file target17.cif (mmCIF, C-alpha atoms)
data_start
#
loop_
_atom_site.group_PDB
_atom_site.id
_atom_site.type_symbol
_atom_site.label_atom_id
_atom_site.label_comp_id
_atom_site.auth_asym_id
_atom_site.auth_seq_id
_atom_site.Cartn_x
_atom_site.Cartn_y
_atom_site.Cartn_z
ATOM 1 C CA MET A 1 -2.065 -11.708 28.025
ATOM 2 C CA GLU A 2 -5.828 -12.178 27.438
ATOM 3 C CA GLU A 3 -6.530 -8.847 29.101
ATOM 4 C CA LEU A 4 -3.942 -7.075 26.970
ATOM 5 C CA ILE A 5 -5.331 -8.669 23.787
ATOM 6 C CA THR A 6 -8.855 -7.430 24.555
ATOM 7 C CA LYS A 7 -7.523 -3.956 25.378
ATOM 8 C CA LEU A 8 -5.510 -3.898 22.152
ATOM 9 C CA LYS A 9 -8.531 -4.915 20.096
ATOM 10 C CA LYS A 10 -10.526 -2.007 21.536
ATOM 11 C CA GLU A 11 -7.683 0.428 20.880
ATOM 12 C CA VAL A 12 -7.217 -0.771 17.294
ATOM 13 C CA ILE A 13 -10.959 -0.501 16.576
ATOM 14 C CA GLU A 14 -11.025 3.047 17.941
ATOM 15 C CA GLN A 15 -7.751 4.254 16.442
ATOM 16 C CA LEU A 16 -8.463 2.862 12.955
ATOM 17 C CA ASN A 17 -12.179 3.749 12.903
ATOM 18 C CA LEU A 18 -13.260 0.153 12.303
ATOM 19 C CA GLU A 19 -16.881 1.132 12.794
ATOM 20 C CA ASP A 20 -18.699 -2.110 11.983
ATOM 21 C CA ILE A 21 -16.230 -4.402 13.766
ATOM 22 C CA SER A 22 -16.529 -5.488 17.387
ATOM 23 C CA VAL A 23 -13.952 -7.004 19.765
ATOM 24 C CA ASP A 24 -15.524 -10.446 19.252
ATOM 25 C CA ASN A 25 -15.138 -10.147 15.454
ATOM 26 C CA ILE A 26 -11.342 -9.976 15.686
ATOM 27 C CA ASP A 27 -9.456 -13.264 15.762
ATOM 28 C CA PRO A 28 -6.259 -12.429 17.697
ATOM 29 C CA GLU A 29 -4.236 -14.762 15.492
ATOM 30 C CA ALA A 30 -5.648 -13.641 12.129
ATOM 31 C CA PRO A 31 -3.458 -11.444 9.879
ATOM 32 C CA LEU A 32 -4.241 -7.725 10.265
ATOM 33 C CA PHE A 33 -3.183 -6.850 6.713
ATOM 34 C CA GLY A 34 -4.143 -8.205 3.324
ATOM 35 C CA GLU A 35 -6.949 -10.365 4.630
ATOM 36 C CA GLY A 36 -8.573 -10.315 8.059
ATOM 37 C CA LEU A 37 -9.296 -6.678 8.870
ATOM 38 C CA GLY A 38 -8.004 -5.556 5.471
ATOM 39 C CA LEU A 39 -5.862 -2.744 6.843
ATOM 40 C CA ASP A 40 -3.766 -0.507 4.573
ATOM 41 C CA SER A 41 -0.433 1.317 4.725
ATOM 42 C CA ILE A 42 -1.873 4.363 6.521
ATOM 43 C CA ASP A 43 -3.328 2.014 9.151
ATOM 44 C CA ALA A 44 0.173 0.572 9.604
ATOM 45 C CA LEU A 45 1.512 4.050 10.387
ATOM 46 C CA GLU A 46 -1.392 4.615 12.767
ATOM 47 C CA LEU A 47 -0.512 1.371 14.616
ATOM 48 C CA ILE A 48 3.078 2.591 15.035
ATOM 49 C CA VAL A 49 1.710 5.779 16.627
ATOM 50 C CA LEU A 50 -0.595 3.693 18.845
ATOM 51 C CA LEU A 51 2.330 1.665 20.205
ATOM 52 C CA GLU A 52 4.292 4.804 21.011
ATOM 53 C CA LYS A 53 1.376 6.796 22.429
ATOM 54 C CA ASN A 54 -0.250 4.100 24.561
ATOM 55 C CA TYR A 55 2.721 1.920 25.480
ATOM 56 C CA GLY A 56 5.773 4.136 25.083
ATOM 57 C CA ILE A 57 7.260 1.755 22.526
ATOM 58 C CA LYS A 58 9.132 3.240 19.589
ATOM 59 C CA ILE A 59 9.820 0.969 16.634
ATOM 60 C CA GLU A 60 13.320 1.851 15.527
ATOM 61 C CA ASP A 61 13.594 -0.461 12.527
ATOM 62 C CA PRO A 62 10.582 -0.316 10.143
ATOM 63 C CA LYS A 63 11.471 -3.817 8.907
ATOM 64 C CA ASP A 64 10.357 -5.173 12.307
ATOM 65 C CA GLY A 65 6.832 -3.863 11.616
ATOM 66 C CA LYS A 66 5.877 -6.803 9.459
ATOM 67 C CA LYS A 67 6.404 -9.252 12.327
ATOM 68 C CA ILE A 68 5.104 -7.013 15.114
ATOM 69 C CA PHE A 69 1.875 -6.100 13.317
ATOM 70 C CA TYR A 70 1.147 -9.519 11.861
ATOM 71 C CA SER A 71 -1.767 -10.023 14.260
ATOM 72 C CA ILE A 72 -3.216 -8.706 17.505
ATOM 73 C CA LYS A 73 -1.450 -11.566 19.287
ATOM 74 C CA THR A 74 1.997 -10.684 17.890
ATOM 75 C CA MET A 75 1.401 -7.051 18.859
ATOM 76 C CA ALA A 76 0.490 -8.109 22.403
ATOM 77 C CA GLU A 77 3.593 -10.278 22.656
ATOM 78 C CA TYR A 78 5.816 -7.433 21.459
ATOM 79 C CA ILE A 79 4.230 -5.023 23.939
ATOM 80 C CA THR A 80 4.718 -7.485 26.800
ATOM 81 C CA ASP A 81 8.411 -7.792 25.916
ATOM 82 C CA HIS A 82 9.068 -4.074 25.364
ATOM 83 C CA LYS A 83 6.575 -2.104 27.477
ATOM 84 C CA LYS A 84 7.964 0.933 29.297
ATOM 85 C CA VAL A 85 4.790 2.825 30.250
ATOM 86 C CA GLN A 86 1.393 1.319 31.173
ATOM 87 C CA MET B 1 -7.553 36.386 -25.551
ATOM 88 C CA GLN B 2 -10.819 36.525 -23.667
ATOM 89 C CA PRO B 3 -10.526 35.575 -19.966
ATOM 90 C CA LEU B 4 -12.212 32.266 -19.117
ATOM 91 C CA TYR B 5 -14.448 34.030 -16.601
ATOM 92 C CA PHE B 6 -16.247 36.011 -19.324
ATOM 93 C CA LYS B 7 -16.095 33.494 -22.116
ATOM 94 C CA ARG B 8 -19.279 32.416 -23.893
ATOM 95 C CA PHE B 9 -19.737 28.736 -24.633
ATOM 96 C CA GLU B 10 -21.469 27.386 -27.703
ATOM 97 C CA MET B 11 -22.228 23.803 -26.769
ATOM 98 C CA ASP B 12 -25.269 22.653 -24.879
ATOM 99 C CA PHE B 13 -24.619 21.001 -21.507
ATOM 100 C CA SER B 14 -27.197 19.775 -19.012
ATOM 101 C CA ILE B 15 -27.417 18.810 -15.366
ATOM 102 C CA THR B 16 -28.702 15.248 -15.563
ATOM 103 C CA GLY B 17 -28.678 14.481 -11.879
ATOM 104 C CA TYR B 18 -27.899 16.198 -8.599
ATOM 105 C CA CYS B 19 -27.691 15.703 -4.850
ATOM 106 C CA LEU B 20 -28.188 18.464 -2.330
ATOM 107 C CA ILE B 21 -27.117 17.783 1.248
ATOM 108 C CA SER B 22 -27.825 20.363 3.900
ATOM 109 C CA GLU B 23 -28.474 20.176 7.635
ATOM 110 C CA LYS B 24 -31.404 17.844 8.260
ATOM 111 C CA LYS B 25 -32.159 16.839 4.672
ATOM 112 C CA VAL B 26 -30.941 15.265 1.469
ATOM 113 C CA ILE B 27 -32.557 15.887 -1.925
ATOM 114 C CA VAL B 28 -31.690 13.771 -4.969
ATOM 115 C CA ASN B 29 -33.070 14.726 -8.385
ATOM 116 C CA ASP B 30 -35.904 16.821 -6.887
ATOM 117 C CA GLN B 31 -36.927 14.027 -4.491
ATOM 118 C CA LEU B 32 -36.535 14.263 -0.720
ATOM 119 C CA ARG B 33 -34.307 11.282 0.056
ATOM 120 C CA PHE B 34 -33.563 11.732 3.742
ATOM 121 C CA TYR B 35 -34.787 13.975 6.525
ATOM 122 C CA GLN B 36 -33.610 14.122 10.119
ATOM 123 C CA GLU B 37 -35.954 16.136 12.315
ATOM 124 C CA ASN B 38 -33.615 16.336 15.292
ATOM 125 C CA PHE B 39 -30.217 17.182 13.873
ATOM 126 C CA LEU B 40 -27.611 16.380 16.517
ATOM 127 C CA ASN B 41 -24.324 16.728 14.692
ATOM 128 C CA PHE B 42 -22.700 15.979 11.353
ATOM 129 C CA ALA B 43 -21.231 12.638 12.448
ATOM 130 C CA ASN B 44 -24.634 11.317 13.463
ATOM 131 C CA PHE B 45 -26.340 12.760 10.382
ATOM 132 C CA ILE B 46 -23.893 11.373 7.821
ATOM 133 C CA LYS B 47 -23.718 7.943 9.478
ATOM 134 C CA SER B 48 -27.521 7.712 9.441
ATOM 135 C CA LEU B 49 -27.529 8.573 5.734
ATOM 136 C CA TYR B 50 -24.793 6.009 4.998
ATOM 137 C CA LYS B 51 -26.716 3.277 6.821
ATOM 138 C CA LEU B 52 -30.004 4.201 5.160
ATOM 139 C CA GLU B 53 -28.458 3.920 1.703
ATOM 140 C CA GLU B 54 -27.061 0.479 2.600
ATOM 141 C CA ILE B 55 -23.637 1.310 1.226
ATOM 142 C CA ASN B 56 -20.951 -1.238 2.002
ATOM 143 C CA TYR B 57 -17.656 0.643 1.829
ATOM 144 C CA PRO B 58 -15.717 0.305 5.122
ATOM 145 C CA LYS B 59 -13.221 2.985 4.054
ATOM 146 C CA PHE B 60 -16.037 5.509 4.425
ATOM 147 C CA TYR B 61 -15.535 5.489 8.199
ATOM 148 C CA LYS B 62 -11.875 6.418 7.814
ATOM 149 C CA MET B 63 -12.601 9.507 5.724
ATOM 150 C CA ASP B 64 -12.674 13.038 7.089
ATOM 151 C CA SER B 65 -15.967 14.960 7.123
ATOM 152 C CA LEU B 66 -15.347 16.749 3.810
ATOM 153 C CA SER B 67 -14.660 13.468 2.031
ATOM 154 C CA LYS B 68 -17.680 11.765 3.608
ATOM 155 C CA LEU B 69 -19.876 14.587 2.310
ATOM 156 C CA GLY B 70 -18.504 14.584 -1.228
ATOM 157 C CA PHE B 71 -18.385 10.794 -1.381
ATOM 158 C CA LEU B 72 -22.003 10.291 -0.288
ATOM 159 C CA ALA B 73 -23.344 13.067 -2.531
ATOM 160 C CA SER B 74 -21.499 11.526 -5.497
ATOM 161 C CA GLU B 75 -22.747 8.058 -4.609
ATOM 162 C CA LEU B 76 -26.346 9.285 -4.543
ATOM 163 C CA VAL B 77 -25.992 11.044 -7.912
ATOM 164 C CA LEU B 78 -24.125 8.259 -9.689
ATOM 165 C CA LYS B 79 -26.133 5.282 -8.452
ATOM 166 C CA VAL B 80 -29.105 6.470 -10.539
ATOM 167 C CA SER B 81 -27.039 7.694 -13.482
ATOM 168 C CA SER B 82 -25.885 5.830 -16.539
ATOM 169 C CA ILE B 83 -22.196 6.734 -16.486
ATOM 170 C CA LYS B 84 -21.120 3.308 -17.713
ATOM 171 C CA LYS B 85 -21.449 4.585 -21.277
ATOM 172 C CA TYR B 86 -18.364 6.746 -20.662
ATOM 173 C CA ARG B 87 -14.773 5.512 -20.637
ATOM 174 C CA GLU B 88 -13.077 5.977 -17.279
ATOM 175 C CA ASP B 89 -11.018 8.877 -18.666
ATOM 176 C CA GLU B 90 -14.077 10.596 -20.187
ATOM 177 C CA LEU B 91 -15.557 11.512 -16.809
ATOM 178 C CA GLY B 92 -14.097 14.457 -14.893
ATOM 179 C CA VAL B 93 -14.577 15.849 -11.395
ATOM 180 C CA VAL B 94 -14.576 19.545 -10.461
ATOM 181 C CA LEU B 95 -15.469 20.451 -6.897
ATOM 182 C CA SER B 96 -15.218 23.688 -4.971
ATOM 183 C CA ASN B 97 -15.701 25.132 -1.523
ATOM 184 C CA SER B 98 -14.802 28.022 0.733
ATOM 185 C CA SER B 99 -13.047 26.413 3.701
ATOM 186 C CA SER B 100 -10.728 24.096 1.791
ATOM 187 C CA SER B 101 -9.621 21.340 4.224
ATOM 188 C CA LEU B 102 -9.464 23.731 7.194
ATOM 189 C CA ASP B 103 -11.636 21.561 9.452
ATOM 190 C CA THR B 104 -9.253 18.616 9.126
ATOM 191 C CA ASP B 105 -6.226 20.927 9.269
ATOM 192 C CA ILE B 106 -7.424 21.990 12.744
ATOM 193 C CA VAL B 107 -7.909 18.362 13.832
ATOM 194 C CA TYR B 108 -4.379 17.586 12.669
ATOM 195 C CA GLN B 109 -2.947 20.688 14.345
ATOM 196 C CA ASN B 110 -4.436 19.470 17.622
ATOM 197 C CA THR B 111 -2.367 16.278 17.360
ATOM 198 C CA ILE B 112 0.887 18.282 17.214
ATOM 199 C CA ASN B 113 0.148 21.319 19.399
ATOM 200 C CA ASP B 114 1.642 19.966 22.592
ATOM 201 C CA ARG B 115 5.306 19.024 22.318
ATOM 202 C CA PHE B 116 4.924 16.785 25.377
ATOM 203 C CA ASN B 117 1.991 14.977 23.773
ATOM 204 C CA TYR B 118 3.214 15.064 20.181
ATOM 205 C CA PHE B 119 1.606 12.274 18.174
ATOM 206 C CA PRO B 120 0.882 13.422 14.614
ATOM 207 C CA SER B 121 -1.824 11.235 13.159
ATOM 208 C CA PRO B 122 -0.986 9.821 9.701
ATOM 209 C CA SER B 123 -4.641 9.013 8.975
ATOM 210 C CA VAL B 124 -5.672 12.613 9.697
ATOM 211 C CA PHE B 125 -2.704 14.095 7.841
ATOM 212 C CA VAL B 126 -3.655 12.413 4.555
ATOM 213 C CA TYR B 127 -6.889 14.459 4.501
ATOM 214 C CA THR B 128 -5.229 17.853 4.959
ATOM 215 C CA LEU B 129 -5.786 18.798 1.311
ATOM 216 C CA PRO B 130 -9.222 19.592 -0.155
ATOM 217 C CA ASN B 131 -8.730 17.566 -3.333
ATOM 218 C CA ILE B 132 -8.488 14.304 -1.352
ATOM 219 C CA VAL B 133 -12.287 14.153 -1.547
ATOM 220 C CA ILE B 134 -11.915 13.977 -5.332
ATOM 221 C CA GLY B 135 -9.434 11.125 -4.922
ATOM 222 C CA GLU B 136 -11.892 9.184 -2.766
ATOM 223 C CA ILE B 137 -14.647 9.657 -5.375
ATOM 224 C CA CYS B 138 -12.358 8.646 -8.240
ATOM 225 C CA ILE B 139 -11.203 5.488 -6.414
ATOM 226 C CA LYS B 140 -14.765 4.388 -5.667
ATOM 227 C CA PHE B 141 -16.159 5.038 -9.146
ATOM 228 C CA ASN B 142 -13.008 4.337 -11.139
ATOM 229 C CA ILE B 143 -12.911 7.838 -12.623
ATOM 230 C CA LYS B 144 -9.665 8.792 -14.360
ATOM 231 C CA GLY B 145 -10.590 11.998 -16.191
ATOM 232 C CA GLU B 146 -9.352 15.521 -15.505
ATOM 233 C CA ASN B 147 -10.126 16.914 -12.071
ATOM 234 C CA ALA B 148 -9.733 20.107 -10.096
ATOM 235 C CA PHE B 149 -10.669 21.536 -6.724
ATOM 236 C CA LEU B 150 -11.460 25.268 -6.740
ATOM 237 C CA ILE B 151 -11.588 27.571 -3.719
ATOM 238 C CA SER B 152 -13.836 30.638 -3.661
ATOM 239 C CA GLU B 153 -14.982 32.779 -0.761
ATOM 240 C CA THR B 154 -18.641 31.956 -1.383
ATOM 241 C CA PHE B 155 -20.455 29.633 -3.774
ATOM 242 C CA ASN B 156 -19.518 30.763 -7.271
ATOM 243 C CA GLY B 157 -21.756 29.122 -9.861
ATOM 244 C CA ARG B 158 -20.169 31.063 -12.687
ATOM 245 C CA LEU B 159 -16.683 29.802 -11.852
ATOM 246 C CA ILE B 160 -17.878 26.187 -11.731
ATOM 247 C CA CYS B 161 -19.874 26.553 -14.958
ATOM 248 C CA ASN B 162 -17.060 28.164 -16.865
ATOM 249 C CA TYR B 163 -14.432 25.694 -15.694
ATOM 250 C CA VAL B 164 -16.554 22.643 -16.521
ATOM 251 C CA ASN B 165 -17.783 24.126 -19.816
ATOM 252 C CA GLU B 166 -14.189 24.692 -20.903
ATOM 253 C CA MET B 167 -13.257 21.082 -20.106
ATOM 254 C CA MET B 168 -16.239 19.669 -21.965
ATOM 255 C CA GLU B 169 -16.184 22.013 -24.927
ATOM 256 C CA LYS B 170 -12.550 21.112 -25.555
ATOM 257 C CA ASN B 171 -13.535 17.417 -25.320
ATOM 258 C CA ARG B 172 -11.122 16.807 -22.456
ATOM 259 C CA VAL B 173 -14.051 15.036 -20.765
ATOM 260 C CA GLN B 174 -17.496 13.979 -22.009
ATOM 261 C CA ALA B 175 -19.245 14.334 -18.648
ATOM 262 C CA CYS B 176 -18.355 15.876 -15.332
ATOM 263 C CA LEU B 177 -19.273 15.424 -11.707
ATOM 264 C CA CYS B 178 -19.113 18.918 -10.237
ATOM 265 C CA GLY B 179 -20.326 21.205 -7.518
ATOM 266 C CA TRP B 180 -19.847 22.579 -4.037
ATOM 267 C CA VAL B 181 -18.726 20.590 -0.977
ATOM 268 C CA GLU B 182 -18.342 22.870 2.029
ATOM 269 C CA TYR B 183 -17.626 21.721 5.579
ATOM 270 C CA LEU B 184 -16.312 23.565 8.633
ATOM 271 C CA GLY B 185 -17.031 22.985 12.311
ATOM 272 C CA ASP B 186 -20.190 20.913 11.921
ATOM 273 C CA LYS B 187 -21.638 23.388 9.376
ATOM 274 C CA PHE B 188 -22.016 22.012 5.893
ATOM 275 C CA GLU B 189 -23.609 22.531 2.502
ATOM 276 C CA THR B 190 -23.233 20.322 -0.546
ATOM 277 C CA LEU B 191 -24.460 20.327 -4.107
ATOM 278 C CA VAL B 192 -23.004 17.696 -6.429
ATOM 279 C CA MET B 193 -24.237 17.450 -10.027
ATOM 280 C CA LEU B 194 -23.608 15.278 -13.035
ATOM 281 C CA VAL B 195 -23.217 17.380 -16.171
ATOM 282 C CA GLU B 196 -23.444 15.791 -19.616
ATOM 283 C CA LYS B 197 -23.488 16.936 -23.200
ATOM 284 C CA SER B 198 -27.142 17.160 -24.187
ATOM 285 C CA GLY B 199 -26.767 14.741 -27.098
ATOM 286 C CA PHE B 200 -25.416 12.060 -24.722
ATOM 287 C CA ILE B 201 -28.276 12.058 -22.252
ATOM 288 C CA ASP B 202 -29.936 8.734 -21.651
ATOM 289 C CA LYS B 203 -33.646 9.427 -21.271
ATOM 290 C CA GLN B 204 -34.138 6.244 -19.212
ATOM 291 C CA SER B 205 -31.676 7.173 -16.490
ATOM 292 C CA ASN B 206 -31.985 9.225 -13.324
ATOM 293 C CA LEU B 207 -35.426 7.976 -12.335
ATOM 294 C CA GLY B 208 -37.306 10.361 -14.583
ATOM 295 C CA TYR B 209 -35.393 13.493 -13.588
ATOM 296 C CA CYS B 210 -35.765 16.122 -16.285
ATOM 297 C CA PRO B 211 -32.320 17.506 -17.231
ATOM 298 C CA THR B 212 -31.877 21.222 -16.615
ATOM 299 C CA PRO B 213 -29.515 23.598 -18.410
ATOM 300 C CA PHE B 214 -26.079 23.834 -16.837
ATOM 301 C CA THR B 215 -26.053 27.554 -16.128
ATOM 302 C CA GLU B 216 -25.013 29.764 -13.236
ATOM 303 C CA GLN B 217 -28.661 30.642 -12.659
ATOM 304 C CA HIS B 218 -29.722 26.998 -12.346
ATOM 305 C CA LEU B 219 -26.829 26.210 -10.028
ATOM 306 C CA ASN B 220 -27.893 29.029 -7.702
ATOM 307 C CA GLN B 221 -31.498 27.836 -7.816
ATOM 308 C CA LEU B 222 -30.520 24.262 -6.966
ATOM 309 C CA LEU B 223 -28.250 25.249 -4.088
ATOM 310 C CA HIS B 224 -30.828 27.520 -2.500
ATOM 311 C CA ARG B 225 -33.927 25.410 -3.010
ATOM 312 C CA ASN B 226 -35.863 24.365 0.117
#
call {"tool": "encode", "arguments": {"input": "target17.cif", "output": "structure tokens"}}
result
Amino acid sequence: MEELITKLKKEVIEQLNLEDISVDNIDPEAPLFGEGLGLDSIDALELIVLLEKNYGIKIEDPKDGKKIFYSIKTMAEYITDHKKVQ
Amino acid sequence: MQPLYFKRFEMDFSITGYCLISEKKVIVNDQLRFYQENFLNFANFIKSLYKLEEINYPKFYKMDSLSKLGFLASELVLKVSSIKKYREDELGVVLSNSSSSLDTDIVYQNTINDRFNYFPSPSVFVYTLPNIVIGEICIKFNIKGENAFLISETFNGRLICNYVNEMMEKNRVQACLCGWVEYLGDKFETLVMLVEKSGFIDKQSNLGYCPTPFTEQHLNQLLHRN
């Protein structure tokens, strides 16, 4: 899980162009939206694409997004449960 | 009715501040602000300028190249201007260029070219219109006045002058941020100016820059100065 969390942090930083943020700056349990990284609605869409592109996971019900993308840790847990492609 | 293109305007408008960004250098109000001897690419150049100006606006990194250009040029003009005397709906924005949002359109196209690797990027898609740069400027500086993005094959000072003059003469805005923001394939050229009615000019603002008449001739001179 630790390895996946670090990998996810790197992917999120790159995908969302979080230029001044490093892997160590991201608390895996901190909320991604509102506070924490201060992501917006376009970032949310970009995270959906990231899950599909890098892990082959398609989110069928948008309502699930709120739970899945709460934090890096919840994303990692969802990926572990649903991963099809490494 | 006389076409706008040939119309004569009676009121007196002045350029009270400007920023010129070209490869290697940035000039603000006649002063060389930034110079990069070894120009590598736009991304490196614009990031160096952003860091130098000590701007803290994380959304900058999410913008496309056209928006980064227009945003930084506006920031450099407005940070030494006294626009606070205007209501948010009294300040307009009129920008123009030749390549529209083509550079970002190509980036987006590359995310959907291959049907076996089809991942359209939402964050790229939102920049596939040229007037998004105006939106970014308006959000940052809380500008709510009339705005427009004009496309012309080459820089057309007369078009910009006439459009802005019409807006200001009809009192739709009291001041206007305007100019040329062109970007395509790592080639870029930007001139952003603040235009105000001469009677409204604050003599203490703009670090001693002497306002110049807002005419086609002066726009051409500013864009092509070395």
call {"tool": "atom_distance", "arguments": {"input": "target17.cif", "atom1": "CA of Pro130 in chain B", "atom2": "CA of Ile15 in chain B"}}
result
23.7 Å
call {"tool": "resolve_selection", "arguments": {"input": "target17.cif", "expression": "the PyMOL selection byres ((chain A) within 10 of (chain B))", "output": "list in words"}}
result
Gln15, Leu16, Asn17, Leu18, Glu19, Asp20, Ile21, Gly38, Leu39, Ser41, Ile42, Asp43, Ala44, Leu45, Glu46, Leu47, Ile48, Val49, Leu50, Glu52 and Lys53 of chain A
call {"tool": "resolve_selection", "arguments": {"input": "target17.cif", "expression": "the PyMOL selection byres ((chain A and resi 83) around 10)", "output": "list in words"}}
result
Leu51, Glu52, Asn54, Tyr55, Gly56, Ile57, Lys58, Ala76, Glu77, Tyr78, Ile79, Thr80, Asp81, His82, Lys84, Val85 and Gln86 of chain A
call {"tool": "residues_around", "arguments": {"input": "target17.cif", "residues": "range 65-73 of chain A", "least_positions_apart": "2", "cutoff": "8 Å", "atoms": "all atoms listed in the file", "output": "number ranges by chain"}}
result
A: 5, 8-9, 27-33, 44, 47, 59, 61-63, 75-78
call {"tool": "axis_aligned_box", "arguments": {"input": "target17.cif", "around": "range 40-59 of chain A", "padding_each_side": "8 Å", "output": "AutoDock Vina command-line options"}}
result
--center_x 3.0 --center_y 3.1 --center_z 15.0 --size_x 29.6 --size_y 23.3 --size_z 36.9
call {"tool": "atom_distance", "arguments": {"input": "target17.cif", "atom1": "CA of His218 in chain B", "atom2": "CA of Val93 in chain B"}}
result
18.8 Å
call {"tool": "residues_near_point", "arguments": {"input": "target17.cif", "point": "(-13.6, -3.3, 18.2)", "cutoff": "8 Å", "atoms": "all atoms listed in the file", "output": "MDAnalysis selection string"}}
result
chainID A and resid 9:14 18:19 21:26
call {"tool": "resolve_selection", "arguments": {"input": "target17.cif", "expression": "the PyMOL selection byres ((chain B and resi 24) around 6)", "output": "list in words"}}
result
Glu23, Lys25, Tyr35, Gln36 and Phe39 of chain B
call {"tool": "atom_distance", "arguments": {"input": "target17.cif", "atom1": "CA of Leu66 in chain B", "atom2": "CA of Leu32 in chain B"}}
result
21.8 Å
call {"tool": "residues_around", "arguments": {"input": "target17.cif", "residues": "range 51-57 of chain B", "least_positions_apart": "6", "cutoff": "9 Å", "atoms": "all atoms listed in the file", "output": "JSON list (two decimals) with C-alpha atoms, keeping the file's coordinate frame"}}
result
[["chain", "number", "residue", "atom", "x", "y", "z"],
["B", 34, "PHE", "CA", -33.56, 11.73, 3.74],
["B", 75, "GLU", "CA", -22.75, 8.06, -4.61],
["B", 76, "LEU", "CA", -26.35, 9.28, -4.54],
["B", 140, "LYS", "CA", -14.76, 4.39, -5.67]]
call {"tool": "residues_around", "arguments": {"input": "target17.cif", "residues": "Asp186 in chain B", "least_positions_apart": "2", "cutoff": "12 Å", "atoms": "all atoms listed in the file", "output": "MDAnalysis selection string"}}
result
chainID B and resid 22:23 39:46 64:66 69 103:104 182:184 188:189
call {"tool": "write_last_selection", "arguments": {"input": "target17.cif", "atoms": "C-alpha atoms", "output": "tab-separated table (two decimals), keeping the file's coordinate frame"}}
result
chain	number	residue	atom	x	y	z
B	22	SER	CA	-27.82	20.36	3.90
B	23	GLU	CA	-28.47	20.18	7.64
B	39	PHE	CA	-30.22	17.18	13.87
B	40	LEU	CA	-27.61	16.38	16.52
B	41	ASN	CA	-24.32	16.73	14.69
B	42	PHE	CA	-22.70	15.98	11.35
B	43	ALA	CA	-21.23	12.64	12.45
B	44	ASN	CA	-24.63	11.32	13.46
B	45	PHE	CA	-26.34	12.76	10.38
B	46	ILE	CA	-23.89	11.37	7.82
B	64	ASP	CA	-12.67	13.04	7.09
B	65	SER	CA	-15.97	14.96	7.12
B	66	LEU	CA	-15.35	16.75	3.81
B	69	LEU	CA	-19.88	14.59	2.31
B	103	ASP	CA	-11.64	21.56	9.45
B	104	THR	CA	-9.25	18.62	9.13
B	182	GLU	CA	-18.34	22.87	2.03
B	183	TYR	CA	-17.63	21.72	5.58
B	184	LEU	CA	-16.31	23.56	8.63
B	188	PHE	CA	-22.02	22.01	5.89
B	189	GLU	CA	-23.61	22.53	2.50
call {"tool": "residues_around", "arguments": {"input": "target17.cif", "residues": "Asp30 in chain B", "least_positions_apart": "4", "cutoff": "9 Å", "atoms": "only C-alpha atoms", "output": "list in words"}}
result
Tyr18, Cys19 and Tyr209 of chain B
call {"tool": "closest_residue", "arguments": {"input": "target17.cif", "among": "B:Arg172, B:Lys68, B:Lys47, B:Arg158", "to": "Gly92 in chain B", "atoms": "only C-alpha atoms"}}
result
B:Arg172
call {"tool": "closest_residue", "arguments": {"input": "target17.cif", "among": "B:Val94, B:Met167, B:Val28, B:Cys210", "to": "Ser14 in chain B", "atoms": "all atoms listed in the file"}}
result
B:Cys210
call {"tool": "closest_residue", "arguments": {"input": "target17.cif", "among": "B:Lys197, B:Val107, B:Lys144, B:Phe116", "to": "Lys170 in chain B", "atoms": "all atoms listed in the file"}}
result
B:Lys197
call {"tool": "residues_around", "arguments": {"input": "target17.cif", "residues": "range 81-90 of chain B", "least_positions_apart": "5", "cutoff": "12 Å", "atoms": "only C-alpha atoms", "output": "ChimeraX atom specification"}}
result
/B:15-19,28-29,74-76,138-147,167-168,170-177,193-197,200-209,211
